[in-house]
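Novice: What follows is final_16.cif; its format and atoms are mmCIF, C-alpha atoms.
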data_data
#
loop_
_atom_site.label_atom_id
_atom_site.label_comp_id
_atom_site.auth_asym_id
_atom_site.auth_seq_id
_atom_site.Cartn_x
_atom_site.Cartn_y
_atom_site.Cartn_z
CA MET V 1 -1.57 -63.30 15.15
CA THR V 2 2.17 -63.10 15.73
CA SER V 3 4.11 -63.25 12.52
CA MET V 4 6.59 -66.08 12.10
CA CYS V 5 8.09 -64.25 9.14
CA GLU V 6 11.13 -61.99 9.20
CA ALA V 7 12.64 -59.99 6.38
CA THR V 8 15.90 -58.17 5.80
CA THR V 9 16.50 -55.87 2.87
CA ARG V 10 19.52 -54.62 1.01
CA ALA V 11 20.16 -52.53 -2.06
CA LEU V 12 22.24 -53.56 -5.06
CA PRO V 13 22.86 -51.63 -8.25
CA GLY V 14 19.44 -51.52 -9.89
CA ALA V 15 17.94 -54.11 -7.59
CA ALA V 16 16.56 -54.49 -4.10
CA VAL V 17 16.82 -57.78 -2.24
CA ILE V 18 14.28 -58.97 0.32
CA GLU V 19 15.53 -62.02 2.21
CA LEU V 20 12.62 -63.77 3.89
CA ARG V 21 12.84 -66.19 6.80
CA GLY V 22 10.27 -68.42 8.49
CA GLU V 23 6.67 -68.71 7.34
CA VAL V 24 4.96 -66.76 4.57
CA ASP V 25 1.30 -66.90 5.60
CA GLY V 26 -1.40 -64.40 6.42
CA SER V 27 0.51 -63.11 9.42
CA ALA V 28 3.39 -62.06 7.16
CA ALA V 29 1.44 -59.26 5.43
CA ALA V 30 2.84 -56.38 7.46
CA VAL V 31 6.38 -57.79 7.36
CA LEU V 32 6.35 -58.31 3.60
CA ASN V 33 4.77 -54.96 2.78
CA ALA V 34 7.16 -53.08 5.06
CA ALA V 35 10.12 -54.95 3.58
CA TYR V 36 9.03 -54.03 0.07
CA GLU V 37 8.80 -50.35 0.98
CA ARG V 38 12.12 -50.45 2.81
CA ALA V 39 13.82 -52.19 -0.08
CA VAL V 40 12.56 -49.71 -2.65
CA GLU V 41 13.48 -46.75 -0.43
CA ALA V 42 16.94 -48.17 0.17
CA GLY V 43 17.40 -48.49 -3.56
CA HIS V 44 16.33 -44.90 -4.13
CA ALA V 45 18.70 -43.70 -1.42
CA GLY V 46 21.58 -45.17 -3.35
CA HIS V 47 24.30 -47.58 -2.34
CA ALA V 48 28.04 -47.46 -2.01
CA GLY V 49 29.69 -46.12 -5.12
CA HIS V 50 26.52 -45.27 -7.03
CA ASP V 51 24.42 -42.13 -7.46
CA ALA V 52 20.95 -42.27 -6.05
CA THR V 53 19.59 -41.19 -9.42
CA ASP V 54 21.08 -44.31 -11.03
CA SER V 55 19.91 -46.68 -8.39
CA ASP V 56 16.18 -46.99 -8.76
CA PRO V 57 15.51 -50.62 -7.90
CA GLY V 58 14.00 -51.73 -11.17
CA THR V 59 14.09 -55.30 -9.90
CA VAL V 60 12.95 -56.69 -6.56
CA VAL V 61 14.48 -60.02 -5.55
CA LEU V 62 12.45 -62.16 -3.15
CA ASP V 63 14.73 -64.75 -1.57
CA PHE V 64 12.94 -67.75 -0.06
CA ALA V 65 15.98 -69.83 0.88
CA ALA V 66 15.18 -69.59 4.60
CA VAL V 67 11.41 -69.95 4.20
CA ASP V 68 10.00 -73.29 5.33
CA TYR V 69 6.28 -72.73 4.76
CA ILE V 70 4.14 -70.82 2.27
CA ASN V 71 0.37 -71.20 2.29
CA SER V 72 -2.40 -69.91 0.05
CA THR V 73 -2.60 -66.65 1.97
CA GLY V 74 1.14 -66.26 1.51
CA ILE V 75 0.66 -66.82 -2.21
CA ALA V 76 -1.92 -64.01 -2.12
CA LEU V 77 0.62 -61.73 -0.45
CA ILE V 78 3.18 -62.52 -3.14
CA VAL V 79 0.52 -61.74 -5.79
CA SER V 80 -0.08 -58.38 -4.09
CA VAL V 81 3.63 -57.56 -4.06
CA LEU V 82 3.89 -58.55 -7.72
CA ALA V 83 0.87 -56.40 -8.64
CA ARG V 84 2.33 -53.42 -6.82
CA ALA V 85 5.75 -53.88 -8.42
CA ARG V 86 4.22 -54.16 -11.88
CA ALA V 87 2.23 -50.98 -11.30
CA GLU V 88 5.52 -49.29 -10.39
CA ARG V 89 7.20 -50.81 -13.47
CA ARG V 90 9.48 -53.02 -11.43
CA LYS V 91 10.40 -56.60 -12.20
CA VAL V 92 10.14 -59.26 -9.49
CA VAL V 93 12.39 -62.31 -9.39
CA ALA V 94 12.58 -65.09 -6.80
CA SER V 95 15.39 -67.27 -5.54
CA GLY V 96 15.87 -70.15 -3.15
CA LEU V 97 12.48 -71.81 -3.56
CA SER V 98 12.35 -75.52 -2.77
CA ALA V 99 11.24 -77.89 -5.52
CA HIS V 100 7.81 -78.09 -3.91
CA TYR V 101 7.28 -74.35 -3.87
CA ARG V 102 8.69 -74.00 -7.40
CA GLU V 103 5.94 -76.41 -8.41
CA ILE V 104 3.38 -74.22 -6.65
CA PHE V 105 4.74 -71.14 -8.44
CA ASP V 106 4.27 -73.08 -11.70
CA ILE V 107 0.74 -74.26 -10.86
CA THR V 108 -0.38 -70.78 -9.86
CA ARG V 109 1.40 -69.31 -12.93
CA LEU V 110 3.42 -67.00 -10.69
CA SER V 111 6.49 -68.30 -12.52
CA ASP V 112 5.10 -66.78 -15.74
CA PHE V 113 5.60 -63.36 -14.15
CA ILE V 114 8.43 -64.00 -11.66
CA GLU V 115 11.70 -65.37 -12.98
CA LEU V 116 13.00 -68.10 -10.68
CA PHE V 117 16.65 -68.56 -9.74
CA PRO V 118 18.04 -71.54 -7.83
CA ASP V 119 19.75 -69.30 -5.29
CA LEU V 120 20.35 -65.67 -4.41
CA ASP V 121 23.94 -65.63 -5.68
CA ARG V 122 22.84 -66.61 -9.16
CA ALA V 123 20.00 -64.10 -9.13
CA VAL V 124 22.31 -61.31 -8.02
CA SER V 125 25.08 -62.19 -10.45
CA GLN V 126 22.64 -62.20 -13.35
CA LEU V 127 21.00 -58.95 -12.28
CA THR V 128 24.17 -57.05 -11.49
CA GLY V 129 26.60 -58.71 -13.88
CA PRO V 130 28.09 -57.08 -16.99
CA ALA V 131 25.17 -58.15 -19.17
CA ALA V 132 22.54 -56.89 -16.74
CA MET P 133 -14.69 -116.38 -11.52
CA THR P 134 -12.31 -114.91 -9.01
CA HIS P 135 -12.78 -111.64 -7.21
CA ALA P 136 -9.99 -109.33 -6.17
CA VAL P 137 -10.08 -108.82 -2.45
CA ARG P 138 -9.88 -105.15 -1.57
CA PRO P 139 -8.08 -104.61 1.69
CA THR P 140 -9.98 -103.24 4.65
CA PRO P 141 -9.15 -99.59 5.37
CA ARG P 142 -6.67 -99.25 8.19
CA ARG P 143 -6.87 -96.23 10.47
CA LEU P 144 -3.45 -94.64 10.87
CA ASP P 145 -4.48 -91.77 13.13
CA ALA P 146 -7.45 -89.73 14.29
CA PHE P 147 -7.33 -86.50 16.23
CA THR P 148 -9.03 -83.15 16.77
CA LEU P 149 -7.72 -79.60 16.77
CA ALA P 150 -9.10 -76.38 18.22
CA SER P 151 -10.29 -74.00 15.50
CA GLU P 152 -7.54 -71.44 15.93
CA PRO P 153 -5.60 -69.87 13.07
CA GLY P 154 -2.20 -71.49 12.79
CA ASN P 155 -3.31 -74.93 13.96
CA GLU P 156 -3.14 -76.13 10.36
CA ARG P 157 0.61 -76.42 10.98
CA LEU P 158 -0.11 -78.95 13.74
CA ALA P 159 -2.32 -80.91 11.37
CA LEU P 160 0.25 -81.15 8.61
CA ALA P 161 3.00 -82.16 11.04
CA ARG P 162 0.92 -84.90 12.63
CA VAL P 163 -0.31 -86.26 9.29
CA ALA P 164 3.26 -86.21 7.96
CA ASP P 165 4.38 -88.21 11.01
CA CYS P 166 1.71 -90.85 10.67
CA VAL P 167 2.32 -91.45 6.95
CA ALA P 168 6.09 -91.43 7.26
CA ASP P 169 6.36 -95.19 6.72
CA VAL P 170 3.66 -95.84 4.12
CA GLY P 171 5.85 -95.32 1.08
CA LEU P 172 4.89 -91.86 -0.14
CA GLY P 173 7.75 -90.26 -2.06
CA ALA P 174 9.16 -86.98 -0.77
CA ALA P 175 7.46 -84.81 -3.40
CA ARG P 176 4.08 -86.46 -2.91
CA LEU P 177 4.41 -86.11 0.85
CA GLU P 178 5.05 -82.37 0.43
CA ARG P 179 1.95 -82.12 -1.75
CA LEU P 180 -0.16 -83.98 0.80
CA LYS P 181 1.14 -81.72 3.58
CA THR P 182 0.17 -78.61 1.63
CA ALA P 183 -3.30 -80.01 0.87
CA VAL P 184 -3.86 -80.97 4.52
CA ALA P 185 -2.77 -77.53 5.71
CA GLU P 186 -5.04 -75.74 3.25
CA ALA P 187 -8.05 -77.95 3.97
CA THR P 188 -7.54 -77.58 7.72
CA MET P 189 -7.22 -73.81 7.36
CA ASN P 190 -10.52 -73.76 5.43
CA ALA P 191 -12.16 -75.87 8.13
CA ILE P 192 -10.91 -73.58 10.89
CA GLU P 193 -11.75 -70.33 9.14
CA HIS P 194 -14.76 -70.96 6.90
CA GLY P 195 -16.18 -74.07 8.56
CA ASN P 196 -15.88 -73.32 12.25
CA GLY P 197 -15.53 -69.56 12.08
CA ASN P 198 -12.27 -69.48 14.07
CA GLN P 199 -14.18 -70.58 17.19
CA PRO P 200 -11.62 -72.57 19.22
CA GLU P 201 -14.28 -74.55 21.10
CA ILE P 202 -15.50 -76.12 17.84
CA PRO P 203 -13.03 -78.84 16.89
CA VAL P 204 -11.72 -79.79 13.48
CA GLU P 205 -11.68 -83.60 13.22
CA ILE P 206 -8.97 -85.33 11.20
CA GLU P 207 -8.76 -89.01 10.35
CA VAL P 208 -6.03 -90.69 8.30
CA THR P 209 -6.66 -94.11 6.75
CA GLN P 210 -4.84 -96.42 4.40
CA ASN P 211 -6.67 -98.63 1.94
CA GLY P 212 -4.20 -100.51 -0.21
CA ASP P 213 -2.21 -97.88 -2.11
CA ASP P 214 -4.55 -95.06 -1.10
CA ILE P 215 -3.84 -92.75 1.81
CA THR P 216 -6.93 -90.74 2.67
CA VAL P 217 -7.14 -87.79 5.04
CA ALA P 218 -10.68 -86.79 6.08
CA ILE P 219 -11.01 -83.32 7.58
CA SER P 220 -14.38 -82.40 9.10
CA ASP P 221 -15.84 -79.18 10.44
CA ARG P 222 -19.31 -77.94 11.43
CA GLY P 223 -19.76 -75.49 8.59
CA GLY P 224 -22.55 -77.43 6.87
CA VAL P 225 -23.89 -76.30 3.53
CA THR P 226 -22.88 -72.69 4.07
CA HIS P 227 -19.26 -73.71 4.23
CA ALA P 228 -19.60 -76.12 1.32
CA ASP P 229 -20.89 -73.33 -0.90
CA SER P 230 -18.50 -70.65 0.27
CA GLY P 231 -15.32 -72.04 -1.21
CA ASP P 232 -13.25 -70.69 -4.07
CA HIS P 233 -14.46 -73.31 -6.56
CA ALA P 234 -13.56 -71.47 -9.77
CA ASP P 235 -9.92 -71.58 -10.76
CA PRO P 236 -8.20 -68.33 -9.80
CA ASP P 237 -7.02 -66.15 -12.67
CA LEU P 238 -3.62 -64.64 -11.91
CA VAL P 239 -3.85 -62.04 -14.68
CA LYS P 240 -7.15 -60.76 -13.30
CA LYS P 241 -5.67 -60.70 -9.82
CA LEU P 242 -2.68 -58.69 -11.02
CA ASP P 243 -5.01 -56.28 -12.82
CA GLY P 244 -7.13 -55.83 -9.70
CA GLU P 245 -10.17 -57.55 -11.22
CA GLN P 246 -10.05 -60.42 -8.69
CA SER P 247 -8.99 -60.52 -5.06
CA PRO P 248 -5.38 -61.69 -4.62
CA ARG P 249 -6.79 -64.43 -2.38
CA GLY P 250 -8.75 -67.54 -3.33
CA TRP P 251 -5.95 -70.06 -3.91
CA GLY P 252 -6.82 -72.60 -1.21
CA LEU P 253 -9.16 -75.01 -2.96
CA PHE P 254 -7.21 -74.62 -6.20
CA LEU P 255 -4.02 -75.69 -4.45
CA ILE P 256 -5.76 -78.63 -2.78
CA ARG P 257 -7.17 -79.89 -6.09
CA ASN P 258 -3.75 -79.69 -7.70
CA MET P 259 -1.84 -81.31 -4.84
CA VAL P 260 -3.70 -84.59 -4.33
CA ASP P 261 -4.77 -87.48 -6.56
CA ALA P 262 -8.44 -87.16 -5.56
CA MET P 263 -10.58 -84.76 -3.57
CA ASP P 264 -14.17 -85.28 -2.46
CA THR P 265 -16.48 -83.39 -0.16
CA SER P 266 -19.71 -84.24 1.61
CA THR P 267 -22.13 -82.42 3.87
CA ASP P 268 -24.37 -84.15 6.40
CA GLY P 269 -26.31 -81.57 8.33
CA GLN P 270 -23.75 -79.31 9.93
CA ARG P 271 -20.90 -81.74 9.35
CA HIS P 272 -18.79 -80.91 6.30
CA THR P 273 -15.97 -83.24 5.33
CA ILE P 274 -13.26 -83.04 2.71
CA TRP P 275 -11.45 -86.22 1.71
CA LEU P 276 -7.95 -85.94 0.33
CA THR P 277 -6.53 -89.06 -1.29
CA MET P 278 -2.94 -89.63 -2.31
CA ARG P 279 -1.70 -92.88 -3.81
CA THR P 280 1.59 -94.28 -2.62
CA THR P 281 2.31 -95.37 -6.20
CA GLY P 282 2.76 -92.01 -7.89
CA ASP P 283 4.33 -91.54 -11.30
CA ALA P 284 8.12 -91.42 -11.30
CA HIS P 285 8.10 -87.98 -12.93
CA ASP P 286 6.24 -86.65 -9.90
CA GLU P 287 9.35 -87.14 -7.81
CA HIS P 288 11.23 -83.90 -8.18
CA VAL P 289 12.57 -83.57 -4.65
#
Let's see the structure in the file written out as structure tokens.
Specialist:
Amino acid sequence: MTSMCEATTRALPGAAVIELRGEVDGSAAAVLNAAYERAVEAGHAGHAGHDATDSDPGTVVLDFAAVDYINSTGIALIVSVLARARAERRKVVASGLSAHYREIFDITRLSDFIELFPDLDRAVSQLTGPAA
Amino acid sequence: MTHAVRPTPRRLDAFTLASEPGNERLALARVADCVADVGLGAARLERLKTAVAEATMNAIEHGNGNQPEIPVEIEVTQNGDDITVAISDRGGVTHADSGDHADPDLVKKLDGEQSPRGWGLFLIRNMVDAMDTSTDGQRHTIWLTMRTTGDAHDEHV
């Protein structure tokens, strides 16, 4: 099945951002897993003005602002990413979820383990700000 | 003694889909179109769309085994304040017993003690006001009912 999901990644001090677009369903598995690996590697490789040794992405930000559909298989993929991140002692946060998908994150209890931010800017400013 | 007269169910739409992965998106779009004017609030419409997509996906995958030539049948009716979507496949008893009936446990999933999957029926149950299933021979049907008069606090969109 052709994936209707795309992902771009970027590294920030101490965090890796995965910006998702399209549909997070079963066909998104390869895209999401590859994006996670890319994001973590990019964090390890360092970013402008920071040593690689200081830049382990302790937090992975999943941005859903451009996602218009998540189904139960997509939820399972997010659970898998969260399980992997926890095993690697990384935190996962999410931004840009619609009210409907925030409700689904609450019902599934994903929001007990993934801090939710209204948008990516607020997630990034909290993660990379002076108090972070 | 007077008796309340219950309105006769009104069919809003009926259609079939080939059992191909991804066609659940067609189902949710068509159901959303046909209930656009019945008075469902935005949040409740989103819930119904998710439930329809999940139930159709189950029918395609578990009911009809992803065999395109076996159709999924969908009927949408209105009975007073109730909007009901009936989704039927040919999975029979096997399908009825194969679902993820127990609530998924996220902690167990994160610890590797449960598969990460198994959210479909759980989502459906939590999205709609009522859910029923029936099996008649090979025909398995799930009924999803959403009232147009939801609580005000449900409207978060």
Novice: Using all atoms listed in the file, which of the listed residues (P:Arg157, P:Glu178, P:Gly224, P:Leu149) sits closest to Met4 in chain V?
Specialist: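 Looking only at the distances to Met4 in chain V, the closest residue turns out to be P:Arg157.
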Novice: Given a cut-off of 10 Å, which residues of chain V touch chain P, counting only C-alpha atoms, written out as a PyMOL selection string?
Specialist: chain V and resi 1-2+25-27+69-84+86-87+98-101+103-104+107-110+112-113
Novice: Give me the residues near Ala164 in chain P as number ranges by chain, where near means some atom within 9 Å (using only C-alpha atoms) and where sequence neighbours in that chain fewer than 3 positions away do not count.
Specialist: P: 159-161, 167-168, 177-178, 180-181
Novice: Using only C-alpha atoms, what residues lie at most 8 Å away from (5.3, -60.4, 2.8) (file coordinates), given as a PDB file with C-alpha atoms, keeping the file's coordinate frame?
Specialist:
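Generated file (selection.pdb):
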ATOM      1  CA  CYS V   5       8.090 -64.250   9.140  1.00  0.00           C
ATOM      2  CA  VAL V  24       4.960 -66.760   4.570  1.00  0.00           C
ATOM      3  CA  ALA V  28       3.390 -62.060   7.160  1.00  0.00           C
ATOM      4  CA  ALA V  29       1.440 -59.260   5.430  1.00  0.00           C
ATOM      5  CA  ALA V  30       2.840 -56.380   7.460  1.00  0.00           C
ATOM      6  CA  VAL V  31       6.380 -57.790   7.360  1.00  0.00           C
ATOM      7  CA  LEU V  32       6.350 -58.310   3.600  1.00  0.00           C
ATOM      8  CA  ASN V  33       4.770 -54.960   2.780  1.00  0.00           C
ATOM      9  CA  ALA V  34       7.160 -53.080   5.060  1.00  0.00           C
ATOM     10  CA  ALA V  35      10.120 -54.950   3.580  1.00  0.00           C
ATOM     11  CA  TYR V  36       9.030 -54.030   0.070  1.00  0.00           C
ATOM     12  CA  GLY V  74       1.140 -66.260   1.510  1.00  0.00           C
ATOM     13  CA  LEU V  77       0.620 -61.730  -0.450  1.00  0.00           C
ATOM     14  CA  ILE V  78       3.180 -62.520  -3.140  1.00  0.00           C
ATOM     15  CA  VAL V  81       3.630 -57.560  -4.060  1.00  0.00           C
TER      16      VAL V  81
END
Novice: Given 4 Å on each side, where is the centre and what are the edge lengths in Å to one decimal of the axis-aligned box enclosing the listed atoms of range 246-251 of chain P, as lines of an AutoDock Vina configuration file?
Specialist:
center_x = -7.7
center_y = -65.2
center_z = -5.5
size_x = 12.7
size_y = 17.6
size_z = 14.3
Novice: Show which residues sit within 8 Å of range 6-23 of chain V, as a ChimeraX atom specification. Count only C-alpha atoms, and ignore same-chain residues fewer than 6 positions away.
Specialist: /V:31-32,35-36,38-40,42-43,46-47,50,54-70,127-128
Novice: Any idea what's packed within 10 Å of range 215-223 of chain P, counting only C-alpha atoms, ignoring anything in its chain fewer than 6 positions away? Could you give it as a PyMOL selection string?
Specialist: chain P and resi 141-148+151+159+163+167+170+172+180+183-184+187-188+190-197+202-209+229-230+260-280
Novice: Do you have the CA of Gln210 in chain P-CA of Leu158 in chain P distance handy?
Specialist: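 Answer for the CA of Gln210 in chain P to CA of Leu158 in chain P separation: 20.4 Å.
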Novice: What is the distance between CA of Ser125 in chain V and CA of Ser111 in chain V, in Å to one decimal?
Specialist: 19.7 Å
Novice: I'd like the interatomic distance between CA of Lys91 in chain V and CA of Gln126 in chain V, to a tenth of an Å.
Specialist: 13.5 Å
Novice: Would you pick out the contacts of Phe117 in chain V at 9 Å or less, using all atoms listed in the file, so that residues sharing its chain but fewer than 6 positions from it are not included, and give the list as a ChimeraX atom specification?
Specialist: /V:93-97,123
